[in-house]
Structure formats: structure tokens, C-alpha cells
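Chemist: Data: run_6.cif, mmCIF, C-alpha atoms.
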data_model
#
loop_
_atom_site.label_atom_id
_atom_site.label_comp_id
_atom_site.auth_asym_id
_atom_site.auth_seq_id
_atom_site.Cartn_x
_atom_site.Cartn_y
_atom_site.Cartn_z
CA MET F 1 12.78 -13.67 8.64
CA GLU F 2 12.93 -9.90 9.01
CA PRO F 3 9.64 -7.92 9.09
CA LYS F 4 10.32 -6.33 5.68
CA HIS F 5 10.76 -9.78 4.13
CA ARG F 6 7.56 -10.98 5.76
CA GLN F 7 5.77 -7.98 4.28
CA ARG F 8 7.08 -8.86 0.83
CA TYR F 9 6.00 -12.47 1.31
CA LEU F 10 2.50 -11.23 2.13
CA LEU F 11 2.47 -9.03 -0.98
CA LYS F 12 3.64 -11.96 -3.07
CA LYS F 13 0.84 -14.21 -1.79
CA ILE F 14 -1.77 -11.51 -2.40
CA SER F 15 -0.43 -10.87 -5.91
CA GLU F 16 -0.35 -14.58 -6.71
CA TYR F 17 -3.95 -14.95 -5.57
CA ILE F 18 -5.02 -12.10 -7.86
CA LYS F 19 -3.13 -13.57 -10.82
CA VAL F 20 -4.22 -17.20 -10.35
CA ASN F 21 -7.87 -16.31 -9.80
CA ASN F 22 -8.00 -13.95 -12.77
CA ILE F 23 -9.04 -10.95 -10.72
CA GLU F 24 -9.54 -8.08 -13.15
CA GLY F 25 -7.63 -4.81 -13.12
CA ASP F 26 -4.81 -3.89 -15.45
CA CYS F 27 -2.51 -2.24 -12.90
CA PHE F 28 -1.32 -2.07 -9.32
CA ILE F 29 -0.50 1.05 -7.33
CA GLU F 30 2.04 1.64 -4.60
CA SER F 31 1.78 4.73 -2.42
CA GLY F 32 5.09 5.12 -0.60
CA VAL F 33 7.81 3.29 -2.51
CA LYS F 34 11.28 4.26 -1.23
CA TYR F 35 13.67 1.61 -2.63
CA GLY F 36 11.10 -0.15 -4.82
CA ASN F 37 11.54 -3.62 -3.35
CA ALA F 38 7.82 -4.17 -2.72
CA SER F 39 7.04 -2.88 -6.21
CA ILE F 40 9.36 -5.50 -7.69
CA VAL F 41 7.51 -8.27 -5.85
CA MET F 42 4.10 -7.09 -7.07
CA ALA F 43 5.22 -6.40 -10.64
CA ASN F 44 6.85 -9.81 -11.03
CA ALA F 45 3.94 -11.71 -9.48
CA LEU F 46 1.18 -9.82 -11.27
CA ASN F 47 2.92 -9.03 -14.56
CA ARG F 48 0.80 -5.88 -14.73
CA LYS F 49 1.67 -2.21 -15.04
CA GLY F 50 2.49 -0.45 -11.77
CA TYR F 51 2.13 3.20 -10.84
CA LEU F 52 4.51 4.17 -8.04
CA PHE F 53 3.95 7.32 -5.97
CA ASP F 54 6.53 8.87 -3.64
CA THR F 55 8.68 11.92 -3.07
CA TRP F 56 11.68 9.57 -2.80
CA LYS F 57 13.03 12.05 -0.32
CA ASN F 58 11.41 13.98 2.54
CA PHE F 59 7.88 14.25 3.91
CA PRO F 60 6.15 17.24 2.27
CA HIS F 61 4.08 17.74 5.43
CA PHE F 62 2.41 15.91 8.32
CA SER F 63 -0.73 16.35 10.42
CA ASP F 64 -1.46 16.59 14.13
CA PHE F 65 -2.73 13.00 13.96
CA ASP F 66 0.83 11.87 13.17
CA ALA F 67 2.49 13.72 16.04
CA LEU F 68 0.89 12.88 19.37
CA ASP F 69 3.54 14.64 21.44
CA ASP F 70 6.26 17.28 21.06
CA LYS F 71 9.05 14.73 20.78
CA ARG F 72 7.39 13.03 17.84
CA LYS F 73 6.56 16.37 16.26
CA LYS F 74 10.22 17.40 16.30
CA LYS F 75 11.25 14.14 14.63
CA LEU F 76 8.70 14.60 11.88
CA GLN F 77 9.74 18.20 11.36
CA LYS F 78 13.26 16.95 10.66
CA ARG F 79 11.84 14.52 8.08
CA VAL F 80 10.08 17.42 6.38
CA LYS F 81 13.24 19.49 6.21
CA LYS F 82 15.53 16.72 5.09
CA GLY F 83 15.33 13.12 3.91
CA LYS F 84 17.53 10.67 2.05
CA ASP F 85 17.03 10.81 -1.72
CA THR F 86 16.29 7.22 -2.79
CA TYR F 87 14.97 7.90 -6.30
CA GLN F 88 17.96 6.67 -8.32
CA GLU F 89 18.45 3.68 -6.05
CA CYS F 90 14.79 2.79 -6.61
CA VAL F 91 15.21 3.07 -10.38
CA ASP F 92 18.33 0.89 -10.26
CA ASN F 93 16.49 -1.72 -8.17
CA LEU F 94 13.57 -1.79 -10.60
CA ILE F 95 15.99 -2.30 -13.49
CA GLU F 96 17.82 -5.08 -11.64
CA GLY F 97 14.47 -6.66 -10.77
CA GLY F 98 13.48 -6.70 -14.42
CA VAL F 99 10.34 -4.59 -13.97
CA LYS F 100 11.35 -1.02 -14.84
CA ASP F 101 9.54 -1.20 -18.19
CA ILE F 102 6.18 -1.83 -16.51
CA CYS F 103 6.62 0.52 -13.54
CA ILE F 104 5.82 4.22 -13.94
CA LEU F 105 7.25 6.48 -11.24
CA LYS F 106 5.16 9.47 -10.13
CA LYS F 107 7.44 11.76 -8.12
CA GLY F 108 6.01 14.36 -5.75
CA ASP F 109 3.53 14.92 -2.94
CA ILE F 110 1.20 11.91 -2.85
CA CYS F 111 -1.67 14.11 -1.67
CA LYS F 112 -1.44 16.04 -4.94
CA LYS F 113 -0.09 13.44 -7.35
CA ILE F 114 -2.73 10.76 -6.79
CA PRO F 115 -5.77 13.07 -7.23
CA ASN F 116 -4.21 14.46 -10.42
CA PHE F 117 -3.50 10.94 -11.66
CA VAL F 118 -7.09 9.85 -11.00
CA LYS F 119 -8.49 12.92 -12.73
CA LYS F 120 -6.48 12.19 -15.88
CA ASN F 121 -7.12 8.42 -15.94
CA LYS F 122 -10.57 7.94 -14.37
CA ASP F 123 -12.26 6.87 -17.61
CA HIS F 124 -10.14 3.74 -17.92
CA LEU F 125 -8.53 3.21 -14.51
CA SER F 126 -8.88 -0.38 -13.25
CA ILE F 127 -6.80 -1.41 -10.22
CA SER F 128 -6.24 -4.93 -8.90
CA LEU F 129 -3.94 -4.19 -5.95
CA ILE F 130 -2.98 -1.17 -3.85
CA HIS F 131 -0.07 -1.13 -1.41
CA SER F 132 -0.18 1.84 0.94
CA ASP F 133 3.08 2.47 2.79
CA SER F 134 3.26 6.25 3.09
CA ASP F 135 3.61 6.42 6.90
CA LEU F 136 1.28 9.37 7.52
CA TYR F 137 -2.41 10.19 7.95
CA GLU F 138 -3.07 12.44 4.96
CA PRO F 139 -1.32 10.47 2.18
CA THR F 140 -2.90 7.25 3.49
CA LYS F 141 -6.33 8.90 3.53
CA VAL F 142 -5.89 10.30 0.01
CA THR F 143 -4.67 6.94 -1.30
CA LEU F 144 -7.68 5.07 0.07
CA GLU F 145 -10.37 7.59 -0.80
CA GLU F 146 -9.15 8.51 -4.26
CA LEU F 147 -8.34 4.99 -5.50
CA TRP F 148 -11.11 2.94 -3.88
CA PRO F 149 -13.71 3.59 -6.62
CA TYR F 150 -11.30 2.13 -9.19
CA LEU F 151 -10.38 -1.03 -7.26
CA VAL F 152 -11.99 -4.00 -8.98
CA ASP F 153 -14.20 -6.57 -7.26
CA GLY F 154 -11.85 -9.08 -5.64
CA GLY F 155 -9.06 -6.52 -5.61
CA MET F 156 -7.15 -5.84 -2.41
CA ILE F 157 -5.49 -3.06 -0.44
CA LEU F 158 -2.62 -3.75 1.94
CA VAL F 159 -1.91 -0.92 4.37
CA HIS F 160 1.47 -1.22 6.04
CA ASP F 161 2.17 -0.16 9.65
CA TYR F 162 -1.53 -0.14 10.58
CA GLU F 163 -0.91 -1.04 14.22
CA LYS F 164 2.53 0.48 14.57
CA LYS F 165 2.53 3.04 17.38
CA GLN F 166 5.18 5.06 15.58
CA TRP F 167 2.63 5.95 12.86
CA PRO F 168 -0.74 6.58 14.61
CA GLY F 169 -2.17 8.52 11.68
CA ILE F 170 -2.31 5.38 9.54
CA LYS F 171 -4.77 3.53 11.78
CA LYS F 172 -6.91 6.64 12.11
CA SER F 173 -7.12 7.14 8.36
CA VAL F 174 -7.97 3.48 7.72
CA ASP F 175 -10.62 3.34 10.45
CA GLU F 176 -12.24 6.53 9.16
CA PHE F 177 -12.21 5.21 5.61
CA LEU F 178 -13.87 1.94 6.58
CA SER F 179 -16.59 3.54 8.70
CA ASP F 180 -19.09 3.78 5.83
CA LYS F 181 -17.92 0.94 3.58
CA LYS F 182 -20.01 -2.14 2.81
CA ASN F 183 -19.26 -5.38 1.00
CA ILE F 184 -15.67 -5.55 2.17
CA LEU F 185 -13.53 -8.13 3.91
CA THR F 186 -10.84 -7.02 6.37
CA SER F 187 -8.17 -8.51 8.58
CA VAL F 188 -5.34 -7.28 10.75
CA ILE F 189 -2.19 -9.19 9.89
CA GLU F 190 -0.48 -10.27 13.09
CA GLU F 191 2.10 -7.90 14.55
CA ASN F 192 5.05 -10.21 14.07
CA ILE F 193 4.29 -10.51 10.37
CA SER F 194 3.93 -6.97 9.11
CA GLU F 195 1.68 -4.86 11.37
CA SER F 196 -0.55 -4.46 8.32
CA PHE F 197 -4.23 -4.27 7.48
CA LEU F 198 -5.72 -6.14 4.53
CA ILE F 199 -8.89 -5.02 2.74
CA MET F 200 -10.69 -6.87 -0.05
CA LYS F 201 -13.56 -5.51 -2.12
CA ASP F 202 -16.35 -8.09 -2.24
CA ASN F 203 -19.31 -6.52 -4.02
CA ASN F 204 -21.09 -9.83 -4.66
CA ASN F 205 -20.26 -11.63 -1.39
CA GLN F 206 -18.26 -14.34 -3.12
CA TYR F 207 -14.74 -14.03 -1.73
CA GLU F 208 -15.10 -14.61 2.01
CA ASP F 209 -13.81 -18.19 2.01
CA ASP F 210 -10.85 -17.29 -0.21
CA PHE F 211 -10.02 -14.30 1.96
CA LYS F 212 -10.05 -16.32 5.18
CA LYS F 213 -7.89 -19.00 3.57
CA LEU F 214 -5.35 -16.43 2.38
CA VAL F 215 -5.08 -14.75 5.79
CA LYS F 216 -4.81 -18.12 7.56
CA GLU F 217 -2.07 -19.29 5.22
CA VAL F 218 0.02 -16.23 6.00
CA ASN F 219 -0.64 -16.33 9.73
CA ASP F 220 0.15 -20.05 9.89
CA ARG F 221 3.47 -19.47 8.18
CA PHE F 222 4.39 -16.78 10.72
CA PRO F 223 2.39 -17.70 13.86
CA TYR F 224 1.88 -14.96 16.42
CA LYS F 225 4.16 -15.29 19.45
#
The structure in this file should be written as C-alpha cells.
Modeler:
Amino acid sequence: MEPKHRQRYLLKKISEYIKVNNIEGDCFIESGVKYGNASIVMANALNRKGYLFDTWKNFPHFSDFDALDDKRKKKLQKRVKKGKDTYQECVDNLIEGGVKDICILKKGDICKKIPNFVKKNKDHLSISLIHSDSDLYEPTKVTLEELWPYLVDGGMILVHDYEKKQWPGIKKSVDEFLSDKKNILTSVIEENISESFLIMKDNNNQYEDDFKKLVKEVNDRFPYK
């Protein structure tokens, strides 16, 4: 199974856990969407509204934390100047997947779009699942910091590419975010599965056994080699 399919399997298992265990939250959020395939998995499994954030094109910007050498910096500069436009393909995929009616696309710079979205919806925002797959330090940081207060107890965040050397800013943003957090459960998902990091909010210390079981089930299906 290819890494992208393993990632979708992981998202499906997380979504199914949330649905079966009646975890509150009336929506999921994806930060970094591209073709919309992960959104389809979450929308179908959760049957809840999804808010999808992306430029569907190029990177608006990047930070020094994302470019550790000149070679990498030049590659990222090219991604800022030009990127494949995947917006219509994403829309078509959502339609084919039967979830377009419950997925709302928010096109633009994630670092601006998410704060604006939170500002407009903070009085009633209730999130059950966040999938962060935006590749870079700043959008990952904004996603985590802005949306965390609205993630329900028992809700989860899956950050893709956490341990991928190609995207060093992701690990930095996650580690900084977690430095002052309490009542959370975390696990690195093995490299051969998705190179991801899973976070669960556990305000009342009641989900540890469930969390360990979920992580073990995924790791057992794709054992580290």
C-alpha cells in the first residue's frame, strides 16, 4: 500500500472512532487539501461538514525554518512563483466522492484565511477533527494555534509529514505548539505508515486507553520495518 493510501486509512480509522464514540463537534477542518482525497475520506466517515483551506496552487510564502540550505530555498522559491492549479480537480473529486454538498472550500493563504474564519465563527465553532497537511512552518503553526481552542474533548489532530526531512518546519511548529499543552495524548505514527503525528485532546483524562488502542491497531496493520 502506498504511503498516501496508508494516510487515508489512518484518517478513516480516526474518523470512525470519532463517529462511533459520539465525540462532539459538528465539523472537521483540513488545512492543505490539494486534490481533496483526504477530505472525501473524512467527510464520508464522519458525515459532518468540512471546511477545506488551501491556495490550490502555489505557496504564498515560506519561512527560514522550511529552508535549511540554499538548495532547498531555491526549490521553495519556485513553489512560491508557480504551482499546479488543482482547485477544479479537487471540486470534481469532491463531487465524485459524494461530499461536495458538505465541504466548504476556503481558497487563499491559510495564514490569513483560518484566523479570519475563526474570528467570524468563534461563537459556535466546534471541531471534531483537524487534518494539517500544509507542508510549511507558518501555516501549520497557524492551524494548530488558531483552531486548538475549538477542538472538542476527544477530538483529534493529525499532522502529516511530521518526521519528513523534506519539511522540517512542520516538526518545529508542532513541537513548539505542544510545549505548553496539558491534558493531551500524542503519538508519532511510524515512518512507513504516514510520517505523521497524532494529537488527542483529553481534558478529563478519560481517553488514554482508547488512544493507545487506536494507535496500536494502525501500527499493527502496517508494522514498522
Chemist: Using the chain letters and numbering of this document, enumerate as a PyMOL selection string the residues selected by the PyMOL selection byres ((chain F and resi 183-185) around 10).
Modeler: chain F and resi 153-154+156+178+181-182+186-187+198-208+211-212
Chemist: Could you save the residues just selected, with C-alpha atoms, as an mmCIF file, in the coordinates of the input?
Modeler:
data_model
loop_
_atom_site.group_PDB
_atom_site.id
_atom_site.type_symbol
_atom_site.label_atom_id
_atom_site.label_comp_id
_atom_site.auth_asym_id
_atom_site.auth_seq_id
_atom_site.Cartn_x
_atom_site.Cartn_y
_atom_site.Cartn_z
ATOM 1 C CA ASP F 153 -14.200 -6.570 -7.260
ATOM 2 C CA GLY F 154 -11.850 -9.080 -5.640
ATOM 3 C CA MET F 156 -7.150 -5.840 -2.410
ATOM 4 C CA LEU F 178 -13.870 1.940 6.580
ATOM 5 C CA LYS F 181 -17.920 0.940 3.580
ATOM 6 C CA LYS F 182 -20.010 -2.140 2.810
ATOM 7 C CA THR F 186 -10.840 -7.020 6.370
ATOM 8 C CA SER F 187 -8.170 -8.510 8.580
ATOM 9 C CA LEU F 198 -5.720 -6.140 4.530
ATOM 10 C CA ILE F 199 -8.890 -5.020 2.740
ATOM 11 C CA MET F 200 -10.690 -6.870 -0.050
ATOM 12 C CA LYS F 201 -13.560 -5.510 -2.120
ATOM 13 C CA ASP F 202 -16.350 -8.090 -2.240
ATOM 14 C CA ASN F 203 -19.310 -6.520 -4.020
ATOM 15 C CA ASN F 204 -21.090 -9.830 -4.660
ATOM 16 C CA ASN F 205 -20.260 -11.630 -1.390
ATOM 17 C CA GLN F 206 -18.260 -14.340 -3.120
ATOM 18 C CA TYR F 207 -14.740 -14.030 -1.730
ATOM 19 C CA GLU F 208 -15.100 -14.610 2.010
ATOM 20 C CA PHE F 211 -10.020 -14.300 1.960
ATOM 21 C CA LYS F 212 -10.050 -16.320 5.180
#
Chemist: Which polymer residues have any atom within 9 Å of an atom of F:Glu89, counting only C-alpha atoms, with same-chain residues fewer than 5 positions away left out, as a PyMOL selection string?
Modeler: chain F and resi 34-36+94
Chemist: Which residue, F:Met42, F:Lys122, F:Glu145, F:Ser134, has the smallest gap to F:Leu10 when you use only C-alpha atoms?
Modeler: F:Met42
Chemist: Mind telling me what the PyMOL selection byres ((chain F and resi 54) around 6) catches here, as a PyMOL selection string?
Modeler: chain F and resi 32-33+53+55-56+107-108
Chemist: Rounded to one decimal place, report the atom CA of F:Ala45-atom CA of F:Phe177 distance in Å.
Modeler: 27.8 Å
Chemist: Atom CA of F:Phe62 and atom CA of F:Arg8, how far apart in Å?
Modeler: 26.3 Å
Chemist: Give as a list in words every residue, naming chains and numbers as the document does, that has an atom within 10 Å of (-4.8, 13.2, 7.2), counting only C-alpha atoms.
Modeler: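 The answer, in the requested form, is Phe62, Ser63, Asp64, Phe65, Asp66, Cys111, Leu136, Tyr137, Glu138, Pro139, Thr140, Lys141, Val142, Gly169, Ile170, Lys172 and Ser173 of chain F.
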Chemist: In terms of the shortest atom-to-atom distance over only C-alpha atoms, which of F:Arg72, F:Lys13, F:His5, F:Arg221 is closest to F:Trp167?
Modeler: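 Among F:Arg72, F:Lys13, F:His5, F:Arg221, it is F:Arg72 that comes nearest to F:Trp167.
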Chemist: How far is it from atom CA of F:Asp85 to atom CA of F:Lys119, in Å with one decimal?
Modeler: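 Computing the Euclidean distance for atom CA of F:Asp85 and atom CA of F:Lys119 yields 27.9 Å.
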Chemist: For the structure just given, write the atoms of stretch 81-131 of chain F, namely N, CA and C atoms, as a compact mmCIF listing (two decimals), in the first residue's frame.
Modeler:
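Saved the output as selection.txt:
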# COMPACT_ATOMS: atom_id res chain seq x y z
N LYS F 81 6.58 30.98 -6.76
CA LYS F 81 6.34 31.63 -8.05
C LYS F 81 5.32 30.89 -8.90
N LYS F 82 5.33 29.58 -8.81
CA LYS F 82 4.46 28.81 -9.68
C LYS F 82 4.10 27.48 -9.05
N GLY F 83 2.85 27.08 -9.20
CA GLY F 83 2.39 25.79 -8.71
C GLY F 83 1.21 25.33 -9.54
N LYS F 84 0.98 24.04 -9.58
CA LYS F 84 -0.12 23.48 -10.34
C LYS F 84 -1.45 23.86 -9.70
N ASP F 85 -2.37 24.35 -10.50
CA ASP F 85 -3.70 24.72 -10.01
C ASP F 85 -4.56 23.45 -9.93
N THR F 86 -4.90 23.03 -8.70
CA THR F 86 -5.66 21.79 -8.51
C THR F 86 -7.09 22.04 -8.03
N TYR F 87 -7.52 23.31 -8.07
CA TYR F 87 -8.82 23.65 -7.49
C TYR F 87 -9.97 22.90 -8.17
N GLN F 88 -10.06 22.98 -9.49
CA GLN F 88 -11.18 22.35 -10.18
C GLN F 88 -11.13 20.83 -10.06
N GLU F 89 -9.93 20.29 -10.08
CA GLU F 89 -9.79 18.84 -9.91
C GLU F 89 -10.27 18.42 -8.52
N CYS F 90 -9.98 19.25 -7.52
CA CYS F 90 -10.45 18.98 -6.17
C CYS F 90 -11.98 19.01 -6.12
N VAL F 91 -12.57 20.03 -6.72
CA VAL F 91 -14.03 20.13 -6.75
C VAL F 91 -14.64 18.91 -7.43
N ASP F 92 -14.07 18.52 -8.56
CA ASP F 92 -14.58 17.35 -9.29
C ASP F 92 -14.48 16.08 -8.43
N ASN F 93 -13.37 15.94 -7.71
CA ASN F 93 -13.20 14.77 -6.85
C ASN F 93 -14.22 14.76 -5.71
N LEU F 94 -14.48 15.93 -5.14
CA LEU F 94 -15.47 16.01 -4.06
C LEU F 94 -16.86 15.65 -4.57
N ILE F 95 -17.18 16.09 -5.78
CA ILE F 95 -18.47 15.74 -6.39
C ILE F 95 -18.55 14.24 -6.62
N GLU F 96 -17.50 13.68 -7.21
CA GLU F 96 -17.47 12.23 -7.49
C GLU F 96 -17.54 11.43 -6.19
N GLY F 97 -16.92 11.97 -5.13
CA GLY F 97 -16.93 11.28 -3.84
C GLY F 97 -18.22 11.45 -3.06
N GLY F 98 -19.13 12.26 -3.60
CA GLY F 98 -20.44 12.43 -2.98
C GLY F 98 -20.46 13.31 -1.75
N VAL F 99 -19.43 14.19 -1.60
CA VAL F 99 -19.35 15.00 -0.38
C VAL F 99 -19.28 16.50 -0.65
N LYS F 100 -19.43 16.92 -1.90
CA LYS F 100 -19.28 18.34 -2.21
C LYS F 100 -20.28 19.20 -1.43
N ASP F 101 -21.48 18.69 -1.19
CA ASP F 101 -22.51 19.46 -0.51
C ASP F 101 -22.17 19.76 0.95
N ILE F 102 -21.29 18.96 1.55
CA ILE F 102 -20.96 19.20 2.96
C ILE F 102 -19.52 19.70 3.14
N CYS F 103 -18.85 19.99 2.02
CA CYS F 103 -17.49 20.53 2.08
C CYS F 103 -17.47 21.96 1.56
N ILE F 104 -16.95 22.87 2.37
CA ILE F 104 -16.88 24.28 2.01
C ILE F 104 -15.42 24.64 1.78
N LEU F 105 -15.11 25.07 0.58
CA LEU F 105 -13.73 25.37 0.20
C LEU F 105 -13.39 26.83 0.50
N LYS F 106 -12.27 27.03 1.21
CA LYS F 106 -11.80 28.36 1.58
C LYS F 106 -10.46 28.59 0.89
N LYS F 107 -10.51 29.31 -0.23
CA LYS F 107 -9.34 29.46 -1.09
C LYS F 107 -8.52 30.69 -0.70
N GLY F 108 -7.21 30.49 -0.53
CA GLY F 108 -6.32 31.60 -0.21
C GLY F 108 -5.23 31.19 0.75
N ASP F 109 -4.49 32.17 1.23
CA ASP F 109 -3.39 31.95 2.16
C ASP F 109 -3.93 31.45 3.50
N ILE F 110 -3.55 30.24 3.88
CA ILE F 110 -4.02 29.63 5.11
C ILE F 110 -3.74 30.53 6.31
N CYS F 111 -2.61 31.20 6.32
CA CYS F 111 -2.22 32.04 7.45
C CYS F 111 -3.16 33.23 7.62
N LYS F 112 -3.90 33.57 6.59
CA LYS F 112 -4.88 34.65 6.68
C LYS F 112 -6.31 34.11 6.76
N LYS F 113 -6.57 33.07 5.98
CA LYS F 113 -7.92 32.54 5.89
C LYS F 113 -8.42 31.92 7.20
N ILE F 114 -7.57 31.14 7.85
CA ILE F 114 -8.01 30.48 9.08
C ILE F 114 -8.28 31.48 10.20
N PRO F 115 -7.40 32.45 10.48
CA PRO F 115 -7.74 33.45 11.50
C PRO F 115 -9.03 34.20 11.20
N ASN F 116 -9.25 34.54 9.95
CA ASN F 116 -10.49 35.23 9.57
C ASN F 116 -11.71 34.34 9.79
N PHE F 117 -11.56 33.07 9.44
CA PHE F 117 -12.64 32.10 9.64
C PHE F 117 -12.97 31.96 11.12
N VAL F 118 -11.95 31.85 11.96
CA VAL F 118 -12.18 31.72 13.39
C VAL F 118 -12.87 32.97 13.95
N LYS F 119 -12.42 34.11 13.53
CA LYS F 119 -13.00 35.37 14.01
C LYS F 119 -14.49 35.45 13.70
N LYS F 120 -14.88 34.99 12.53
CA LYS F 120 -16.28 35.06 12.12
C LYS F 120 -17.15 33.96 12.75
N ASN F 121 -16.53 32.84 13.15
CA ASN F 121 -17.31 31.68 13.59
C ASN F 121 -17.05 31.26 15.04
N LYS F 122 -16.27 32.03 15.79
CA LYS F 122 -15.82 31.60 17.11
C LYS F 122 -16.95 31.34 18.11
N ASP F 123 -18.09 31.99 17.93
CA ASP F 123 -19.18 31.84 18.90
C ASP F 123 -19.86 30.48 18.81
N HIS F 124 -19.69 29.79 17.69
CA HIS F 124 -20.36 28.49 17.53
C HIS F 124 -19.45 27.41 16.93
N LEU F 125 -18.17 27.68 16.84
CA LEU F 125 -17.26 26.73 16.20
C LEU F 125 -16.97 25.55 17.12
N SER F 126 -17.17 24.35 16.61
CA SER F 126 -16.98 23.12 17.39
C SER F 126 -16.40 22.06 16.45
N ILE F 127 -15.13 21.72 16.64
CA ILE F 127 -14.38 20.88 15.70
C ILE F 127 -14.09 19.51 16.29
N SER F 128 -14.34 18.47 15.52
CA SER F 128 -14.06 17.11 15.99
C SER F 128 -12.73 16.57 15.46
N LEU F 129 -12.30 17.04 14.28
CA LEU F 129 -11.08 16.51 13.67
C LEU F 129 -10.41 17.58 12.81
N ILE F 130 -9.09 17.67 12.94
CA ILE F 130 -8.29 18.58 12.12
C ILE F 130 -7.21 17.77 11.42
N HIS F 131 -7.10 17.93 10.12
CA HIS F 131 -6.02 17.31 9.36
C HIS F 131 -5.14 18.42 8.82
